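S.K.: Supplied structure: model_7.csv, CSV, C-alpha atoms.
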chain,number,residue,atom,x,y,z
V,1,MET,CA,131.9,93.4,174.3
V,2,ALA,CA,130.0,90.4,175.5
V,3,THR,CA,129.5,90.4,179.2
V,4,GLN,CA,129.9,87.4,181.4
V,5,ASP,CA,126.1,86.8,181.4
V,6,GLU,CA,125.8,86.7,177.6
V,7,ILE,CA,128.4,83.9,177.2
V,8,LYS,CA,126.4,80.7,177.3
V,9,PHE,CA,128.6,78.3,175.3
V,10,LEU,CA,132.3,77.8,175.1
V,11,SER,CA,132.2,77.1,171.4
V,12,ASN,CA,129.7,78.1,168.7
V,13,PRO,CA,126.9,75.4,168.9
V,14,ASN,CA,126.0,75.9,165.2
V,15,ILE,CA,129.4,74.6,164.1
V,16,GLY,CA,129.2,71.1,163.0
V,17,GLN,CA,125.5,71.1,162.4
V,18,LYS,CA,124.7,70.0,158.8
V,19,GLN,CA,122.3,72.3,157.0
V,20,LYS,CA,119.5,70.4,155.4
V,21,LYS,CA,119.7,70.5,151.6
V,22,TYR,CA,116.6,71.1,149.6
V,23,CYS,CA,115.4,71.1,146.0
V,24,ARG,CA,115.3,74.8,145.0
V,25,PHE,CA,112.7,74.0,142.2
V,26,LYS,CA,110.3,72.6,144.7
V,27,ARG,CA,110.8,75.2,147.3
V,28,PHE,CA,110.5,78.2,145.0
V,29,GLY,CA,107.9,76.7,142.7
V,30,LEU,CA,109.9,76.7,139.5
V,31,LYS,CA,108.2,74.4,137.0
V,32,HIS,CA,110.4,74.8,134.0
V,33,VAL,CA,114.2,74.8,133.4
V,34,ASP,CA,115.1,77.1,130.5
V,35,TYR,CA,118.0,75.9,128.4
V,36,LYS,CA,118.6,79.4,127.0
V,37,ASP,CA,119.6,80.9,130.4
V,38,PRO,CA,123.3,80.2,131.0
V,39,ASP,CA,123.4,82.3,134.2
V,40,PHE,CA,120.9,80.0,135.8
V,41,LEU,CA,122.3,76.7,134.6
V,42,ILE,CA,125.8,77.6,135.6
V,43,GLN,CA,124.8,76.8,139.2
V,44,PHE,CA,124.5,73.2,138.3
V,45,ILE,CA,127.9,72.6,136.6
V,46,ASN,CA,131.4,72.7,138.0
V,47,GLN,CA,134.4,74.5,136.8
V,48,GLN,CA,135.1,72.0,134.1
V,49,GLY,CA,131.6,72.3,132.8
V,50,LYS,CA,130.5,68.9,134.2
V,51,LEU,CA,127.1,68.4,135.7
V,52,LEU,CA,127.1,68.4,139.5
V,53,PRO,CA,125.5,65.4,141.2
V,54,ARG,CA,122.3,65.6,143.1
V,55,ARG,CA,124.2,64.9,146.2
V,56,LEU,CA,125.7,68.4,146.0
V,57,THR,CA,122.9,70.4,144.4
V,58,GLY,CA,120.1,68.9,146.5
V,59,ASN,CA,117.8,68.7,143.5
V,60,SER,CA,115.0,66.2,143.5
V,61,LEU,CA,115.3,63.4,140.9
V,62,LYS,CA,112.6,64.9,138.7
V,63,PHE,CA,114.3,68.3,138.4
V,64,GLN,CA,117.8,66.9,138.2
V,65,ARG,CA,116.7,65.1,135.1
V,66,ARG,CA,115.3,68.3,133.7
V,67,VAL,CA,118.4,70.2,134.6
V,68,SER,CA,120.6,67.6,132.9
V,69,THR,CA,118.6,67.8,129.6
V,70,ALA,CA,118.6,71.6,129.8
V,71,VAL,CA,122.4,71.7,130.2
V,72,LYS,CA,122.8,69.2,127.3
V,73,ARG,CA,120.6,71.3,125.1
V,74,ALA,CA,122.5,74.4,126.0
V,75,ARG,CA,125.8,72.7,125.2
V,76,HIS,CA,124.5,71.8,121.7
V,77,LEU,CA,123.6,75.4,121.0
V,78,ALA,CA,127.0,76.6,122.3
V,79,ILE,CA,125.3,78.5,125.2
V,80,LEU,CA,127.4,76.4,127.6
V,81,PRO,CA,130.7,74.8,126.9
V,82,TYR,CA,131.2,71.0,126.6
V,83,LEU,CA,134.5,71.3,128.4
V,84,SER,CA,136.3,74.2,129.9
V,85,ASP,CA,138.8,75.3,132.4
V,86,LEU,CA,138.0,77.8,135.2
V,87,LEU,CA,134.4,78.4,134.0
V,88,LYS,CA,133.3,80.2,137.2
O,1,MET,CA,97.6,71.4,119.3
O,2,ARG,CA,101.2,71.2,120.3
O,3,HIS,CA,103.7,73.9,121.1
O,4,TYR,CA,107.2,73.8,119.7
O,5,GLU,CA,110.2,76.0,119.8
O,6,VAL,CA,113.0,76.1,117.3
O,7,THR,CA,116.3,77.8,118.1
O,8,PHE,CA,118.9,78.3,115.5
O,9,ILE,CA,122.2,80.2,115.1
O,10,VAL,CA,122.8,82.1,111.9
O,11,ASP,CA,126.3,82.7,110.6
O,12,PRO,CA,127.5,86.2,111.7
O,13,VAL,CA,129.6,86.7,108.6
O,14,LEU,CA,126.4,87.5,106.6
O,15,SER,CA,125.2,91.1,106.5
O,16,GLY,CA,122.4,92.2,108.8
O,17,ASP,CA,119.8,92.1,106.0
O,18,GLU,CA,120.8,88.6,105.0
O,19,VAL,CA,120.6,87.4,108.5
O,20,LYS,CA,117.1,88.8,108.8
O,21,SER,CA,116.0,87.4,105.5
O,22,THR,CA,117.2,84.0,106.6
O,23,ALA,CA,115.1,84.1,109.7
O,24,LYS,CA,112.2,85.4,107.7
O,25,SER,CA,112.4,82.6,105.2
O,26,TYR,CA,112.1,80.0,108.0
O,27,GLN,CA,109.1,81.8,109.4
O,28,ASP,CA,107.5,81.7,105.9
O,29,ILE,CA,108.2,78.0,105.7
O,30,LEU,CA,106.5,77.4,109.1
O,31,THR,CA,103.4,79.5,108.2
O,32,SER,CA,103.1,77.7,104.8
O,33,GLU,CA,103.1,74.4,106.6
O,34,GLY,CA,100.1,75.5,108.6
O,35,ALA,CA,101.9,76.4,111.9
O,36,ARG,CA,100.9,79.4,113.8
O,37,ILE,CA,103.9,81.5,114.9
O,38,ILE,CA,103.4,82.8,118.5
O,39,HIS,CA,106.6,84.7,119.0
O,40,VAL,CA,110.0,85.3,117.4
O,41,ASP,CA,112.7,86.1,119.8
O,42,GLU,CA,115.7,87.8,118.3
O,43,MET,CA,118.5,87.3,120.8
O,44,GLY,CA,121.0,89.0,118.5
O,45,LEU,CA,124.8,88.5,118.3
O,46,ARG,CA,126.0,86.4,121.1
O,47,PRO,CA,129.4,84.9,121.8
O,48,LEU,CA,129.6,81.1,121.5
O,49,ALA,CA,130.8,79.0,124.3
O,50,TYR,CA,133.1,77.2,121.8
O,51,SER,CA,133.9,77.9,118.2
O,52,ILE,CA,131.8,76.3,115.5
O,53,ASN,CA,133.1,76.4,111.9
O,54,LYS,CA,135.9,78.8,113.1
O,55,ARG,CA,133.3,81.3,114.2
O,56,SER,CA,133.3,82.6,117.8
O,57,THR,CA,130.0,84.5,117.6
O,58,GLY,CA,126.5,83.8,116.3
O,59,VAL,CA,123.1,85.4,115.8
O,60,TYR,CA,120.5,83.5,117.8
O,61,TYR,CA,116.9,83.2,116.8
O,62,THR,CA,114.1,81.5,118.7
O,63,ILE,CA,110.7,80.9,117.0
O,64,GLU,CA,107.8,79.6,119.1
O,65,PHE,CA,105.0,78.1,117.2
O,66,THR,CA,102.0,75.8,117.5
O,67,SER,CA,100.9,73.1,115.1
O,68,GLU,CA,98.2,70.5,114.9
O,69,THR,CA,100.4,67.9,113.5
O,70,GLY,CA,104.2,67.8,113.9
O,71,THR,CA,104.7,65.8,110.7
O,72,PHE,CA,106.4,68.6,108.8
O,73,ILE,CA,109.1,69.1,111.4
O,74,ASP,CA,111.4,66.4,110.0
O,75,LYS,CA,111.3,68.1,106.6
O,76,PHE,CA,111.8,71.5,108.3
O,77,GLU,CA,114.8,70.2,110.2
O,78,LEU,CA,116.3,68.8,107.0
O,79,THR,CA,116.1,72.2,105.3
O,80,LEU,CA,117.8,73.7,108.3
O,81,LYS,CA,120.5,71.1,108.1
O,82,ARG,CA,121.1,71.6,104.4
O,83,ASP,CA,121.3,75.4,104.9
O,84,GLU,CA,124.9,76.6,105.1
O,85,ARG,CA,123.9,79.9,106.7
O,86,ILE,CA,122.6,78.0,109.8
O,87,MET,CA,125.4,76.9,112.2
O,88,ARG,CA,123.2,75.0,114.8
O,89,PHE,CA,119.6,74.4,115.4
O,90,LEU,CA,117.4,72.7,118.0
O,91,THR,CA,113.7,72.0,117.9
O,92,VAL,CA,112.0,71.3,121.2
O,93,LYS,CA,108.4,70.3,122.1
O,94,LEU,CA,107.2,72.5,124.9
O,95,ASP,CA,105.1,71.3,127.8
O,96,LYS,CA,102.5,73.6,129.5
O,97,TYR,CA,105.0,74.9,132.1
O,98,ALA,CA,107.4,75.9,129.3
O,99,VAL,CA,104.6,77.7,127.5
O,100,LYS,CA,103.7,79.6,130.6
O,101,TYR,CA,107.3,80.4,131.3
O,102,ASN,CA,107.7,81.9,127.8
O,103,GLU,CA,104.6,83.9,128.3
O,104,ASP,CA,105.8,85.2,131.6
O,105,LYS,CA,109.1,86.0,130.2
O,106,ARG,CA,107.5,88.1,127.4
O,107,SER,CA,105.3,90.0,129.8
O,108,GLY,CA,108.3,90.8,131.9
O,109,LYS,CA,107.4,88.7,135.0
O,110,ILE,CA,110.6,86.8,134.7
O,111,GLY,CA,113.5,89.1,134.4
O,112,LYS,CA,117.1,89.1,134.8
O,113,ARG,CA,118.2,88.0,138.2
O,114,VAL,CA,119.4,90.9,140.3
O,115,PRO,CA,122.6,90.1,142.1
O,116,LYS,CA,122.3,90.3,145.9
O,117,GLU,CA,123.7,93.4,147.5
O,118,PRO,CA,126.9,92.5,149.4
O,119,VAL,CA,126.4,92.5,153.2
O,120,VAL,CA,128.3,95.5,154.6
O,121,LYS,CA,130.0,94.5,157.9
O,122,LYS,CA,129.9,97.1,160.6
O,123,PRO,CA,133.3,98.1,161.8
O,124,LEU,CA,133.9,97.2,165.4
O,125,GLU,CA,133.3,100.0,167.9
O,126,TYR,CA,136.5,101.6,168.8
O,127,ILE,CA,137.1,101.7,172.6
O,128,PRO,CA,140.1,103.9,173.4
O,129,TYR,CA,142.6,102.5,175.8
O,130,GLN,CA,142.2,103.8,179.3
O,131,ALA,CA,145.2,103.7,181.5
O,132,PHE,CA,144.5,102.2,185.0
O,133,ASN,CA,143.5,105.0,187.3
O,134,PRO,CA,143.2,103.9,190.9
O,135,GLU,CA,141.7,107.1,192.0
O,136,ALA,CA,138.7,106.7,189.7
O,137,VAL,CA,138.1,103.2,190.9
O,138,ASN,CA,138.3,104.3,194.5
O,139,SER,CA,135.9,107.1,194.1
O,140,LYS,CA,133.4,104.7,192.3
O,141,ARG,CA,133.8,102.3,195.2
O,142,SER,CA,133.1,104.9,197.8
O,143,ALA,CA,130.0,106.0,195.8
O,144,GLU,CA,128.5,102.6,195.8
O,145,PRO,CA,126.9,101.4,199.1
O,146,GLU,CA,129.2,98.8,200.5
O,147,VAL,CA,127.7,95.4,200.7
O,148,ALA,CA,128.8,93.5,203.7
O,149,PRO,CA,130.5,90.3,202.7
O,150,THR,CA,128.6,87.4,204.0
O,151,GLU,CA,130.8,85.4,206.3
O,152,LYS,CA,131.7,82.0,205.1
O,153,PRO,CA,131.8,79.3,207.6
O,154,GLN,CA,135.4,78.7,208.3
O,155,GLU,CA,136.8,75.4,207.3
O,156,ASN,CA,139.0,73.6,209.5
Once more with this new file: its structure as structure tokens, please.
M.R.:
Amino acid sequence: MATQDEIKFLSNPNIGQKQKKYCRFKRFGLKHVDYKDPDFLIQFINQQGKLLPRRLTGNSLKFQRRVSTAVKRARHLAILPYLSDLLK
Amino acid sequence: MRHYEVTFIVDPVLSGDEVKSTAKSYQDILTSEGARIIHVDEMGLRPLAYSINKRSTGVYYTIEFTSETGTFIDKFELTLKRDERIMRFLTVKLDKYAVKYNEDKRSGKIGKRVPKEPVVKKPLEYIPYQAFNPEAVNSKRSAEPEVAPTEKPQEN
């Protein structure tokens, strides 16, 4: 139980604060996007198998381009579907 | 000197030996053209994301090779295209990061991602209900030294 002294705010101050998005390739030092790894690429496509925009993934332009080519290569080799339903 | 990588899917209807001989024949073509094969990755039978030629699985092969001139690649791709045993193929030029990535993958530095362990939430501490006991409160009060209440100035 929180005592009276521990209560400082009436509502949670972290609610409503936007978390800054970041490019995971830059932050974790990933230099290459592998088109043969569907488990990794699935993070950048939605349930229909469409590519997610940079606005949602937070990728930098350089790596968004590489992700998009990797996803397109994976689709050609039937590693990822061109279109699907409930992919995730 | 450039690094290339060719990935192709072999028809799974063929017997195991035929699949292997198909992959071997393409390695032979590459070596005869003067390419140096670095690694052959046999990914084995994998399900396809969509059916190709009414097949739902395929045998994946990846050959990484280096070549001084990439002039034979057009011819090489044409033979792949004409081959009925090959369902799909893709030839890619590798940059230095991709070469390093493949090396690391072979040496086991890049492995399968381990899924994070789910966070186990601690159950809330159970505090049993205590009925109001005036005697206990009174005894506690008497034990504590009584603080004289400061007198407030009376308001009119």
S.K.: What are the closest atom pairs, with distances in Å to one decimal, for each residue of chain O lying within 8 Å of chain V, using all atoms listed in the file, rows by chain and rising residue number, as a Markdown table?
M.R.:
| residue | atom | partner | partner_atom | distance |
| --- | --- | --- | --- | --- |
| O:Phe8 | CA | V:Leu77 | CA | 7.8 |
| O:Ile9 | CA | V:Leu77 | CA | 7.7 |
| O:Leu48 | CA | V:Ala78 | CA | 5.3 |
| O:Ala49 | CA | V:Ala78 | CA | 4.9 |
| O:Tyr50 | CA | V:Pro81 | CA | 6.1 |
| O:Arg88 | CA | V:Leu77 | CA | 6.2 |
| O:Phe89 | CA | V:Leu77 | CA | 7.0 |
| O:Leu90 | CA | V:Leu77 | CA | 7.4 |
| O:Tyr97 | CA | V:His32 | CA | 5.7 |
| O:Ala98 | CA | V:His32 | CA | 5.7 |
| O:Tyr101 | CA | V:His32 | CA | 6.9 |
S.K.: If you measure from atom CA of O:Glu77 to atom CA of V:Gly49, what distance in Å do you get, rounded to one decimal?
M.R.: 28.2 Å
S.K.: List the spatial neighbours of stretch 11-25 of chain V as a list in words - criterion: any atom at most 6 Å away, all atoms listed in the file, same-chain residues fewer than 6 positions off excluded.
M.R.: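 Once the adjacent positions are removed, what remains is Gly58, Asn59 and Ser60 of chain V.
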S.K.: Around the point (132.6, 83.2, 116.5) (coordinates from the file), which residues reach within 12 Å if we count all atoms listed in the file? Answer as a list in words.
M.R.: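 Protein and nucleic acid residues near the point are Ala78 of chain V; Ile9, Val10, Asp11, Pro12, Val13, Leu45, Arg46, Pro47, Leu48, Ala49, Tyr50, Ser51, Ile52, Asn53, Lys54, Arg55, Ser56, Thr57, Gly58, Val59 and Met87 of chain O.
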S.K.: Next, the residues of the selection above should be written as an mmCIF file, keeping the file's coordinate frame with C-alpha atoms.
M.R.:
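The result, written out as selection.cif:
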data_model
loop_
_atom_site.group_PDB
_atom_site.id
_atom_site.type_symbol
_atom_site.label_atom_id
_atom_site.label_comp_id
_atom_site.auth_asym_id
_atom_site.auth_seq_id
_atom_site.Cartn_x
_atom_site.Cartn_y
_atom_site.Cartn_z
ATOM 1 C CA ALA V 78 127.000 76.600 122.300
ATOM 2 C CA ILE O 9 122.200 80.200 115.100
ATOM 3 C CA VAL O 10 122.800 82.100 111.900
ATOM 4 C CA ASP O 11 126.300 82.700 110.600
ATOM 5 C CA PRO O 12 127.500 86.200 111.700
ATOM 6 C CA VAL O 13 129.600 86.700 108.600
ATOM 7 C CA LEU O 45 124.800 88.500 118.300
ATOM 8 C CA ARG O 46 126.000 86.400 121.100
ATOM 9 C CA PRO O 47 129.400 84.900 121.800
ATOM 10 C CA LEU O 48 129.600 81.100 121.500
ATOM 11 C CA ALA O 49 130.800 79.000 124.300
ATOM 12 C CA TYR O 50 133.100 77.200 121.800
ATOM 13 C CA SER O 51 133.900 77.900 118.200
ATOM 14 C CA ILE O 52 131.800 76.300 115.500
ATOM 15 C CA ASN O 53 133.100 76.400 111.900
ATOM 16 C CA LYS O 54 135.900 78.800 113.100
ATOM 17 C CA ARG O 55 133.300 81.300 114.200
ATOM 18 C CA SER O 56 133.300 82.600 117.800
ATOM 19 C CA THR O 57 130.000 84.500 117.600
ATOM 20 C CA GLY O 58 126.500 83.800 116.300
ATOM 21 C CA VAL O 59 123.100 85.400 115.800
ATOM 22 C CA MET O 87 125.400 76.900 112.200
#
S.K.: What is the distance, in Å and to one decimal place, between atom CA of O:Gln27 and atom CA of O:Ile63?
M.R.: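 Distance reported for this atom pair: 7.8 Å.
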S.K.: Dig up all the protein and nucleic acid residues within 6 Å of (103.2, 70.9, 122.7) in the file frame, using all atoms listed in the file, and format them as a PDB file with C-alpha atoms, in the coordinates of the input.
M.R.:
ATOM      1  CA  ARG O   2     101.200  71.200 120.300  1.00  0.00           C
ATOM      2  CA  HIS O   3     103.700  73.900 121.100  1.00  0.00           C
ATOM      3  CA  TYR O   4     107.200  73.800 119.700  1.00  0.00           C
ATOM      4  CA  LYS O  93     108.400  70.300 122.100  1.00  0.00           C
ATOM      5  CA  LEU O  94     107.200  72.500 124.900  1.00  0.00           C
ATOM      6  CA  ASP O  95     105.100  71.300 127.800  1.00  0.00           C
TER       7      ASP O  95
END
S.K.: How many Å lie between atom CA of O:Glu84 and atom CA of O:Ala23, rounded to one decimal?
M.R.: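 Those two atoms sit 13.2 Å apart.
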